[in-house]
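Q: I am sharing entry.cif, which consists of mmCIF, C-alpha atoms, pLDDT in the B column; chains and numbers go by the auth columns:
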data_start
#
loop_
_atom_site.group_PDB
_atom_site.id
_atom_site.type_symbol
_atom_site.label_atom_id
_atom_site.label_comp_id
_atom_site.label_asym_id
_atom_site.label_seq_id
_atom_site.Cartn_x
_atom_site.Cartn_y
_atom_site.Cartn_z
_atom_site.B_iso_or_equiv
_atom_site.auth_seq_id
_atom_site.auth_asym_id
ATOM 1 C CA MET A 1 -24.918 7.903 7.871 80.00 1 A
ATOM 2 C CA VAL A 2 -25.552 6.069 4.584 80.00 2 A
ATOM 3 C CA ALA A 3 -23.280 3.226 5.736 77.00 3 A
ATOM 4 C CA SER A 4 -24.995 2.962 9.109 81.00 4 A
ATOM 5 C CA TYR A 5 -28.518 2.810 7.698 82.00 5 A
ATOM 6 C CA THR A 6 -27.735 0.371 4.879 80.00 6 A
ATOM 7 C CA GLN A 7 -25.976 -1.917 7.365 79.00 7 A
ATOM 8 C CA LEU A 8 -28.987 -1.612 9.699 85.00 8 A
ATOM 9 C CA LEU A 9 -31.281 -2.599 6.803 82.00 9 A
ATOM 10 C CA GLY A 10 -29.059 -5.592 6.110 79.00 10 A
ATOM 11 C CA ARG A 11 -29.160 -6.788 9.723 81.00 11 A
ATOM 12 C CA ARG A 12 -32.823 -6.111 10.452 84.00 12 A
ATOM 13 C CA TYR A 13 -34.464 -7.303 7.244 80.00 13 A
ATOM 14 C CA LYS A 14 -32.186 -10.066 5.993 78.00 14 A
ATOM 15 C CA GLY A 15 -34.388 -13.032 5.101 79.00 15 A
ATOM 16 C CA LYS A 16 -37.599 -11.117 5.845 79.00 16 A
ATOM 17 C CA LEU A 17 -38.058 -9.763 2.315 78.00 17 A
ATOM 18 C CA ASP A 18 -37.396 -11.642 -0.916 80.00 18 A
ATOM 19 C CA ALA A 19 -34.063 -12.788 -2.358 79.00 19 A
ATOM 20 C CA ASP A 20 -33.840 -9.749 -4.657 82.00 20 A
ATOM 21 C CA ALA A 21 -34.158 -7.378 -1.689 80.00 21 A
ATOM 22 C CA ASP A 22 -31.368 -9.205 0.179 79.00 22 A
ATOM 23 C CA GLU A 23 -29.176 -8.914 -2.912 82.00 23 A
ATOM 24 C CA PHE A 24 -29.921 -5.208 -3.375 83.00 24 A
ATOM 25 C CA ILE A 25 -29.106 -4.487 0.278 81.00 25 A
ATOM 26 C CA HIS A 26 -25.848 -6.436 -0.071 78.00 26 A
ATOM 27 C CA TYR A 27 -24.840 -4.341 -3.099 81.00 27 A
ATOM 28 C CA ALA A 28 -25.729 -1.116 -1.266 82.00 28 A
ATOM 29 C CA VAL A 29 -23.626 -2.033 1.791 78.00 29 A
ATOM 30 C CA ASP A 30 -20.721 -3.157 -0.408 77.00 30 A
ATOM 31 C CA GLY A 31 -20.894 0.036 -2.469 79.00 31 A
ATOM 32 C CA VAL A 32 -20.894 2.265 0.602 78.00 32 A
ATOM 33 C CA ASN A 33 -17.924 0.410 2.106 76.00 33 A
ATOM 34 C CA ARG A 34 -15.942 0.785 -1.132 75.00 34 A
ATOM 35 C CA MET A 35 -16.846 4.474 -1.293 77.00 35 A
ATOM 36 C CA GLN A 36 -15.554 4.974 2.260 75.00 36 A
ATOM 37 C CA ARG A 37 -12.233 3.303 1.376 72.00 37 A
ATOM 38 C CA LEU A 38 -11.964 5.411 -1.775 72.00 38 A
ATOM 39 C CA ILE A 39 -12.562 8.657 0.123 77.00 39 A
ATOM 40 C CA GLN A 40 -10.018 7.693 2.792 73.00 40 A
ATOM 41 C CA ASP A 41 -7.402 6.861 0.151 66.00 41 A
ATOM 42 C CA LEU A 42 -8.094 10.079 -1.765 74.00 42 A
ATOM 43 C CA LEU A 43 -7.654 12.088 1.435 74.00 43 A
ATOM 44 C CA THR A 44 -4.341 10.327 2.099 72.00 44 A
ATOM 45 C CA TYR A 45 -3.207 11.058 -1.463 68.00 45 A
ATOM 46 C CA SER A 46 -4.204 14.728 -1.320 70.00 46 A
ATOM 47 C CA ARG A 47 -2.525 15.262 2.065 74.00 47 A
ATOM 48 C CA VAL A 48 0.913 13.906 1.115 78.00 48 A
ATOM 49 C CA GLY A 49 2.141 17.373 0.200 68.00 49 A
ATOM 50 C CA THR A 50 -0.151 19.560 2.276 64.00 50 A
ATOM 51 C CA GLN A 51 -0.057 17.852 5.669 66.00 51 A
ATOM 52 C CA GLY A 52 3.315 16.120 5.619 65.00 52 A
ATOM 53 C CA ARG A 53 5.595 16.551 8.598 75.00 53 A
ATOM 54 C CA GLY A 54 9.124 17.889 8.441 84.00 54 A
ATOM 55 C CA ILE A 55 11.819 15.913 6.660 89.00 55 A
ATOM 56 C CA ARG A 56 14.572 15.021 9.120 93.00 56 A
ATOM 57 C CA PRO A 57 16.918 12.115 9.930 95.00 57 A
ATOM 58 C CA CYS A 58 14.890 9.049 10.839 94.00 58 A
ATOM 59 C CA ASP A 59 15.420 5.325 11.304 95.00 59 A
ATOM 60 C CA ALA A 60 14.089 3.396 8.293 96.00 60 A
ATOM 61 C CA GLY A 61 14.110 0.187 10.340 95.00 61 A
ATOM 62 C CA ARG A 62 11.733 1.699 12.884 94.00 62 A
ATOM 63 C CA ALA A 63 9.425 2.885 10.089 95.00 63 A
ATOM 64 C CA LEU A 64 9.331 -0.643 8.643 96.00 64 A
ATOM 65 C CA GLU A 65 8.581 -2.117 12.083 94.00 65 A
ATOM 66 C CA ARG A 66 5.644 0.253 12.478 92.00 66 A
ATOM 67 C CA ALA A 67 4.400 -0.653 9.002 93.00 67 A
ATOM 68 C CA THR A 68 4.531 -4.392 9.672 94.00 68 A
ATOM 69 C CA ALA A 69 2.804 -3.854 13.033 93.00 69 A
ATOM 70 C CA ASN A 70 -0.036 -2.119 11.171 91.00 70 A
ATOM 71 C CA LEU A 71 -0.179 -5.085 8.758 92.00 71 A
ATOM 72 C CA GLN A 72 -0.062 -7.739 11.468 91.00 72 A
ATOM 73 C CA ALA A 73 -3.586 -9.030 10.806 90.00 73 A
ATOM 74 C CA ALA A 74 -2.852 -9.524 7.087 89.00 74 A
ATOM 75 C CA ILE A 75 0.534 -11.106 7.861 92.00 75 A
ATOM 76 C CA GLN A 76 -1.078 -13.635 10.190 92.00 76 A
ATOM 77 C CA GLU A 77 -3.993 -14.328 7.839 91.00 77 A
ATOM 78 C CA THR A 78 -1.724 -15.062 4.864 90.00 78 A
ATOM 79 C CA GLN A 79 0.995 -16.759 6.995 92.00 79 A
ATOM 80 C CA ALA A 80 3.476 -14.382 5.423 93.00 80 A
ATOM 81 C CA SER A 81 7.113 -13.871 6.327 92.00 81 A
ATOM 82 C CA VAL A 82 8.628 -10.392 6.157 93.00 82 A
ATOM 83 C CA GLU A 83 12.405 -10.263 6.462 94.00 83 A
ATOM 84 C CA HIS A 84 14.869 -7.406 6.286 94.00 84 A
ATOM 85 C CA GLY A 85 18.510 -6.655 6.810 88.00 85 A
ATOM 86 C CA PRO A 86 19.930 -3.537 8.474 90.00 86 A
ATOM 87 C CA LEU A 87 18.151 -0.398 7.277 95.00 87 A
ATOM 88 C CA PRO A 88 20.025 2.917 7.539 94.00 88 A
ATOM 89 C CA ALA A 89 18.888 6.333 8.635 95.00 89 A
ATOM 90 C CA VAL A 90 17.465 8.545 5.891 96.00 90 A
ATOM 91 C CA LEU A 91 16.144 12.073 5.540 96.00 91 A
ATOM 92 C CA ALA A 92 12.399 11.582 5.548 94.00 92 A
ATOM 93 C CA ASP A 93 9.021 12.238 7.084 92.00 93 A
ATOM 94 C CA GLU A 94 8.852 9.104 9.246 92.00 94 A
ATOM 95 C CA THR A 95 5.048 8.911 9.140 90.00 95 A
ATOM 96 C CA GLN A 96 5.082 8.960 5.341 91.00 96 A
ATOM 97 C CA LEU A 97 7.977 6.486 5.191 95.00 97 A
ATOM 98 C CA THR A 98 5.888 4.144 7.341 93.00 98 A
ATOM 99 C CA GLN A 99 2.970 4.604 4.916 91.00 99 A
ATOM 100 C CA LEU A 100 5.304 3.892 1.990 94.00 100 A
ATOM 101 C CA PHE A 101 6.540 0.620 3.497 95.00 101 A
ATOM 102 C CA GLN A 102 3.002 -0.306 4.536 92.00 102 A
ATOM 103 C CA ASN A 103 1.648 0.132 0.997 92.00 103 A
ATOM 104 C CA LEU A 104 4.476 -1.794 -0.674 94.00 104 A
ATOM 105 C CA VAL A 105 4.562 -4.663 1.827 94.00 105 A
ATOM 106 C CA GLY A 106 0.755 -4.714 1.823 91.00 106 A
ATOM 107 C CA ASN A 107 0.799 -5.109 -1.966 88.00 107 A
ATOM 108 C CA ALA A 108 3.133 -8.087 -1.636 89.00 108 A
ATOM 109 C CA LEU A 109 0.752 -9.685 0.878 90.00 109 A
ATOM 110 C CA LYS A 110 -2.210 -9.116 -1.437 86.00 110 A
ATOM 111 C CA PHE A 111 -0.768 -10.234 -4.790 79.00 111 A
ATOM 112 C CA HIS A 112 0.752 -13.542 -3.758 76.00 112 A
ATOM 113 C CA GLY A 113 0.513 -16.898 -5.474 74.00 113 A
ATOM 114 C CA ALA A 114 -0.514 -20.252 -4.031 79.00 114 A
ATOM 115 C CA ALA A 115 2.260 -20.297 -1.422 83.00 115 A
ATOM 116 C CA PRO A 116 2.241 -18.020 1.653 89.00 116 A
ATOM 117 C CA PRO A 117 3.773 -14.665 0.709 91.00 117 A
ATOM 118 C CA ARG A 118 7.435 -14.003 1.386 92.00 118 A
ATOM 119 C CA VAL A 119 8.659 -10.402 1.452 95.00 119 A
ATOM 120 C CA ARG A 120 12.237 -9.194 1.698 96.00 120 A
ATOM 121 C CA VAL A 121 13.205 -5.556 2.319 97.00 121 A
ATOM 122 C CA ARG A 122 16.754 -4.439 1.580 96.00 122 A
ATOM 123 C CA ALA A 123 18.639 -1.133 1.558 96.00 123 A
ATOM 124 C CA GLU A 124 21.727 -0.204 -0.451 95.00 124 A
ATOM 125 C CA PRO A 125 23.579 3.065 0.281 93.00 125 A
ATOM 126 C CA ARG A 126 24.510 4.845 -2.951 91.00 126 A
ATOM 127 C CA GLY A 127 26.449 7.990 -2.180 89.00 127 A
ATOM 128 C CA GLU A 128 24.058 10.680 -1.021 93.00 128 A
ATOM 129 C CA GLU A 129 21.005 8.452 -1.312 95.00 129 A
ATOM 130 C CA VAL A 130 19.750 5.044 -0.220 97.00 130 A
ATOM 131 C CA ARG A 131 18.004 2.641 -2.586 97.00 131 A
ATOM 132 C CA PHE A 132 15.381 0.445 -0.891 97.00 132 A
ATOM 133 C CA THR A 133 13.924 -2.690 -2.468 96.00 133 A
ATOM 134 C CA VAL A 134 10.738 -4.464 -1.404 95.00 134 A
ATOM 135 C CA ARG A 135 10.874 -7.891 -3.069 95.00 135 A
ATOM 136 C CA ASP A 136 8.208 -10.589 -3.227 92.00 136 A
ATOM 137 C CA TRP A 137 7.702 -13.895 -5.022 90.00 137 A
ATOM 138 C CA GLY A 138 4.052 -13.358 -5.932 86.00 138 A
ATOM 139 C CA ILE A 139 2.085 -13.199 -9.177 85.00 139 A
ATOM 140 C CA GLY A 140 4.286 -10.534 -10.790 84.00 140 A
ATOM 141 C CA ILE A 141 3.503 -7.749 -13.274 84.00 141 A
ATOM 142 C CA ALA A 142 3.979 -7.667 -17.042 82.00 142 A
ATOM 143 C CA PRO A 143 6.503 -4.983 -18.164 82.00 143 A
ATOM 144 C CA GLU A 144 3.931 -3.142 -20.302 78.00 144 A
ATOM 145 C CA TYR A 145 2.082 -2.173 -17.111 77.00 145 A
ATOM 146 C CA PHE A 146 5.058 -0.727 -15.208 78.00 146 A
ATOM 147 C CA GLU A 147 4.143 2.932 -15.831 77.00 147 A
ATOM 148 C CA ARG A 148 0.399 2.436 -15.482 79.00 148 A
ATOM 149 C CA ILE A 149 0.471 0.998 -11.963 82.00 149 A
ATOM 150 C CA PHE A 150 1.720 4.286 -10.462 82.00 150 A
ATOM 151 C CA VAL A 151 -1.177 6.278 -11.979 78.00 151 A
ATOM 152 C CA ILE A 152 -4.098 7.020 -9.682 69.00 152 A
ATOM 153 C CA PHE A 153 -7.163 4.766 -10.130 57.00 153 A
ATOM 154 C CA GLN A 154 -5.295 2.353 -12.403 58.00 154 A
ATOM 155 C CA ARG A 155 -5.988 -1.297 -11.537 55.00 155 A
ATOM 156 C CA LEU A 156 -4.749 -4.422 -13.313 51.00 156 A
ATOM 157 C CA HIS A 157 -7.258 -6.736 -11.635 48.00 157 A
ATOM 158 C CA GLY A 158 -10.965 -6.678 -10.873 47.00 158 A
ATOM 159 C CA LYS A 159 -12.059 -5.900 -7.324 52.00 159 A
ATOM 160 C CA ALA A 160 -13.456 -9.426 -6.973 46.00 160 A
ATOM 161 C CA GLU A 161 -9.948 -10.872 -7.476 49.00 161 A
ATOM 162 C CA TYR A 162 -7.964 -8.362 -5.417 48.00 162 A
ATOM 163 C CA PRO A 163 -9.681 -5.618 -3.394 51.00 163 A
ATOM 164 C CA GLY A 164 -8.422 -2.037 -3.408 53.00 164 A
ATOM 165 C CA THR A 165 -9.012 1.409 -4.841 58.00 165 A
ATOM 166 C CA GLY A 166 -6.078 1.695 -7.239 68.00 166 A
ATOM 167 C CA ILE A 167 -4.550 4.585 -5.261 82.00 167 A
ATOM 168 C CA GLY A 168 -1.916 2.840 -3.100 84.00 168 A
ATOM 169 C CA LEU A 169 0.992 2.968 -5.557 89.00 169 A
ATOM 170 C CA ALA A 170 0.081 6.504 -6.610 89.00 170 A
ATOM 171 C CA ILE A 171 0.436 7.483 -2.928 89.00 171 A
ATOM 172 C CA CYS A 172 3.843 5.751 -2.851 92.00 172 A
ATOM 173 C CA LYS A 173 5.008 7.702 -5.901 93.00 173 A
ATOM 174 C CA LYS A 174 3.813 11.001 -4.454 91.00 174 A
ATOM 175 C CA ILE A 175 5.567 10.336 -1.121 92.00 175 A
ATOM 176 C CA VAL A 176 8.857 9.409 -2.804 95.00 176 A
ATOM 177 C CA GLU A 177 8.744 12.444 -5.117 93.00 177 A
ATOM 178 C CA ARG A 178 8.013 14.739 -2.166 91.00 178 A
ATOM 179 C CA HIS A 179 11.349 13.536 -0.735 93.00 179 A
ATOM 180 C CA GLY A 180 13.181 14.157 -4.024 94.00 180 A
ATOM 181 C CA GLY A 181 13.529 10.434 -4.734 95.00 181 A
ATOM 182 C CA ARG A 182 12.581 8.048 -7.516 95.00 182 A
ATOM 183 C CA ILE A 183 10.449 4.887 -7.556 94.00 183 A
ATOM 184 C CA GLY A 184 10.217 2.011 -9.994 93.00 184 A
ATOM 185 C CA VAL A 185 9.479 -1.675 -10.381 91.00 185 A
ATOM 186 C CA GLU A 186 11.151 -4.786 -11.752 90.00 186 A
ATOM 187 C CA SER A 187 8.953 -7.807 -12.408 88.00 187 A
ATOM 188 C CA GLN A 188 7.859 -10.636 -14.651 84.00 188 A
ATOM 189 C CA PRO A 189 4.516 -12.478 -14.507 85.00 189 A
ATOM 190 C CA GLY A 190 4.750 -15.470 -12.200 83.00 190 A
ATOM 191 C CA GLU A 191 8.223 -14.529 -10.955 85.00 191 A
ATOM 192 C CA GLY A 192 7.439 -11.957 -8.279 88.00 192 A
ATOM 193 C CA THR A 193 7.972 -8.226 -8.071 92.00 193 A
ATOM 194 C CA ALA A 194 10.647 -5.888 -6.733 93.00 194 A
ATOM 195 C CA PHE A 195 9.573 -2.317 -6.014 94.00 195 A
ATOM 196 C CA TRP A 196 12.503 0.040 -5.463 96.00 196 A
ATOM 197 C CA PHE A 197 12.692 3.626 -4.310 97.00 197 A
ATOM 198 C CA THR A 198 15.411 6.093 -3.350 96.00 198 A
ATOM 199 C CA LEU A 199 15.549 8.547 -0.450 96.00 199 A
ATOM 200 C CA PRO A 200 18.248 10.994 0.653 95.00 200 A
ATOM 201 C CA ALA A 201 20.716 9.431 3.079 94.00 201 A
ATOM 202 C CA ALA A 202 20.933 11.012 6.529 91.00 202 A
ATOM 203 C CA PRO A 203 24.237 12.819 7.203 87.00 203 A
ATOM 204 C CA SER A 204 26.783 10.678 9.051 74.00 204 A
ATOM 205 C CA HIS A 205 27.433 13.502 11.512 57.00 205 A
ATOM 206 C CA PRO A 206 24.355 15.731 11.551 47.00 206 A
ATOM 207 C CA GLU A 207 24.885 19.273 12.692 47.00 207 A
ATOM 208 C CA SER A 208 23.694 19.967 16.206 38.00 208 A
#
Mind turning the file's structure into structure tokens?
A:
Amino acid sequence: MVASYTQLLGRRYKGKLDADADEFIHYAVDGVNRMQRLIQDLLTYSRVGTQGRGIRPCDAGRALERATANLQAAIQETQASVEHGPLPAVLADETQLTQLFQNLVGNALKFHGAAPPRVRVRAEPRGEEVRFTVRDWGIGIAPEYFERIFVIFQRLHGKAEYPGTGIGLAICKKIVERHGGRIGVESQPGEGTAFWFTLPAAPSHPES
């Protein structure tokens, strides 16, 4: 309701009051929009453990395809390329795996340098688990911030530079830990970033 009425004020009275009023209405609309995004992200974070679906064998490649389909507007806008090799089956909640890929690939699309973003997703079987890597060649992250970025509400950039609520990577960490996996990052400023995470491998011959 607050969003609807502030947006209505913005449309109906823009230019009819003074410049200060236009600015105040703009800040109100912007604040409400950011509050909506924050609430939506907090709900997603809180529901990782409480409303997750069952963990069962699923196709990681299909989860990545769904994630990139959800990101299609951002991919087209940034002229990004997202490439991947064969991705194996894992034991996971496919909806949450899609969210995990979407957050990590979405980060790569957001924090890119001057060139169009390039993202590469790879998987490496390691015994009873699979290690996935989402690699980009964007602005990178200094090593002293590696732990901080997975903490809820922690942001390394102002919202004017890069929009967001500071919850996306915290959601990723919570999803991976729900599956009994680990998540981490390898990066240097100006040299891109590689986020990695592990998930249990699906049995080769699942019981019927």
Q: In terms of the shortest atom-to-atom distance over all atoms listed in the file, which of A:Gly127, A:Met1, A:Glu94, A:Gln102 is closest to A:Arg53?
A: A:Glu94
Q: With 5 Å added on each side, what axis-aligned box encloses every listed atom of stretch 59-64 of chain A? Give the centre and edge lengths in Å to one decimal, as AutoDock Vina command-line options.
A:
--center_x 12.4 --center_y 2.3 --center_z 10.6 --size_x 16.1 --size_y 16.0 --size_z 14.6
Q: Report as a list of chain:residue names all protein, DNA and RNA residues lying within 10 Å of stretch 7-15 of chain A, evaluated on all atoms listed in the file, omitting residues in the same chain fewer than 4 positions from it.
A: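 These residues fall inside the cut-off: A:Met1, A:Val2, A:Ala3, A:Ala19, A:Ala21, A:Asp22, A:Glu23, A:Phe24, A:Ile25, A:His26, A:Ala28, A:Val29, A:Asp30, A:Val32, A:Asn33.
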Q: Using all atoms listed in the file, pick whichever of A:Glu83, A:Glu144, A:Asp59, A:Glu177 has the shortest atom-to-atom distance to A:Phe197.
A: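 Nearest candidate to A:Phe197 out of A:Glu83, A:Glu144, A:Asp59, A:Glu177: A:Glu177.
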Q: Measuring between only C-alpha atoms, which one of A:Phe150, A:Arg34, A:Ala89, A:Arg47 shows the shortest distance to A:Pro200?
A: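 Using only C-alpha atoms, the shortest distance to A:Pro200 belongs to A:Ala89.
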Q: Let me make sure I understand: among A:Ala123, A:Ile141, A:Val130, A:Ala92, which one has the smallest atom-to-atom distance to A:Phe111 if we use all atoms listed in the file?
A: A:Ile141
Q: Which distance in Å separates atom CA of A:Leu38 and atom CA of A:Thr68, to one decimal?
A: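 Taking atom CA of A:Leu38 and atom CA of A:Thr68, their separation equals 22.3 Å.
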Q: Which residues match the PyMOL selection byres ((chain A and resi 109) around 9) in the file above, as a PDB file with C-alpha atoms, keeping the file's coordinate frame?
A:
ATOM      1  CA  ALA A  74      -2.852  -9.524   7.087  1.00 89.00           C
ATOM      2  CA  ILE A  75       0.534 -11.106   7.861  1.00 92.00           C
ATOM      3  CA  THR A  78      -1.724 -15.062   4.864  1.00 90.00           C
ATOM      4  CA  ALA A  80       3.476 -14.382   5.423  1.00 93.00           C
ATOM      5  CA  LEU A 104       4.476  -1.794  -0.674  1.00 94.00           C
ATOM      6  CA  VAL A 105       4.562  -4.663   1.827  1.00 94.00           C
ATOM      7  CA  GLY A 106       0.755  -4.714   1.823  1.00 91.00           C
ATOM      8  CA  ASN A 107       0.799  -5.109  -1.966  1.00 88.00           C
ATOM      9  CA  ALA A 108       3.133  -8.087  -1.636  1.00 89.00           C
ATOM     10  CA  LYS A 110      -2.210  -9.116  -1.437  1.00 86.00           C
ATOM     11  CA  PHE A 111      -0.768 -10.234  -4.790  1.00 79.00           C
ATOM     12  CA  HIS A 112       0.752 -13.542  -3.758  1.00 76.00           C
ATOM     13  CA  PRO A 116       2.241 -18.020   1.653  1.00 89.00           C
ATOM     14  CA  PRO A 117       3.773 -14.665   0.709  1.00 91.00           C
ATOM     15  CA  ARG A 118       7.435 -14.003   1.386  1.00 92.00           C
ATOM     16  CA  VAL A 119       8.659 -10.402   1.452  1.00 95.00           C
ATOM     17  CA  ASP A 136       8.208 -10.589  -3.227  1.00 92.00           C
ATOM     18  CA  GLY A 138       4.052 -13.358  -5.932  1.00 86.00           C
TER      19      GLY A 138
END
Q: Restricting the calculation to only C-alpha atoms: of A:Pro203, A:Gly113, A:Gly85, A:Gly184, which residue gets closest to A:Ile139?
A: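 Counting only C-alpha atoms, the residue closest to A:Ile139 is A:Gly113.
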Q: Using the chain letters and numbers from this file, what does the PyMOL selection byres ((chain A and resi 101) around 12) select? Give the answer as a count of residues only.
A: 46
Q: To one decimal place in Å, what is the distance between atom CA of A:Ile167 and atom CA of A:Thr193?
A: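 Answer for the atom CA of A:Ile167 to atom CA of A:Thr193 separation: 18.1 Å.
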Q: One decimal, in Å: what's the spacing between atom CA of A:Ala115 and atom CA of A:Ala142?
A: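 A separation of 20.2 Å between them.
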Q: Which residue gives the smallest distance to A:Ser204 among A:Ile183, A:Pro189, A:Pro143, A:Glu128, with all atoms listed in the file counted?
A: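 Result for the nearest residue to A:Ser204: A:Glu128.
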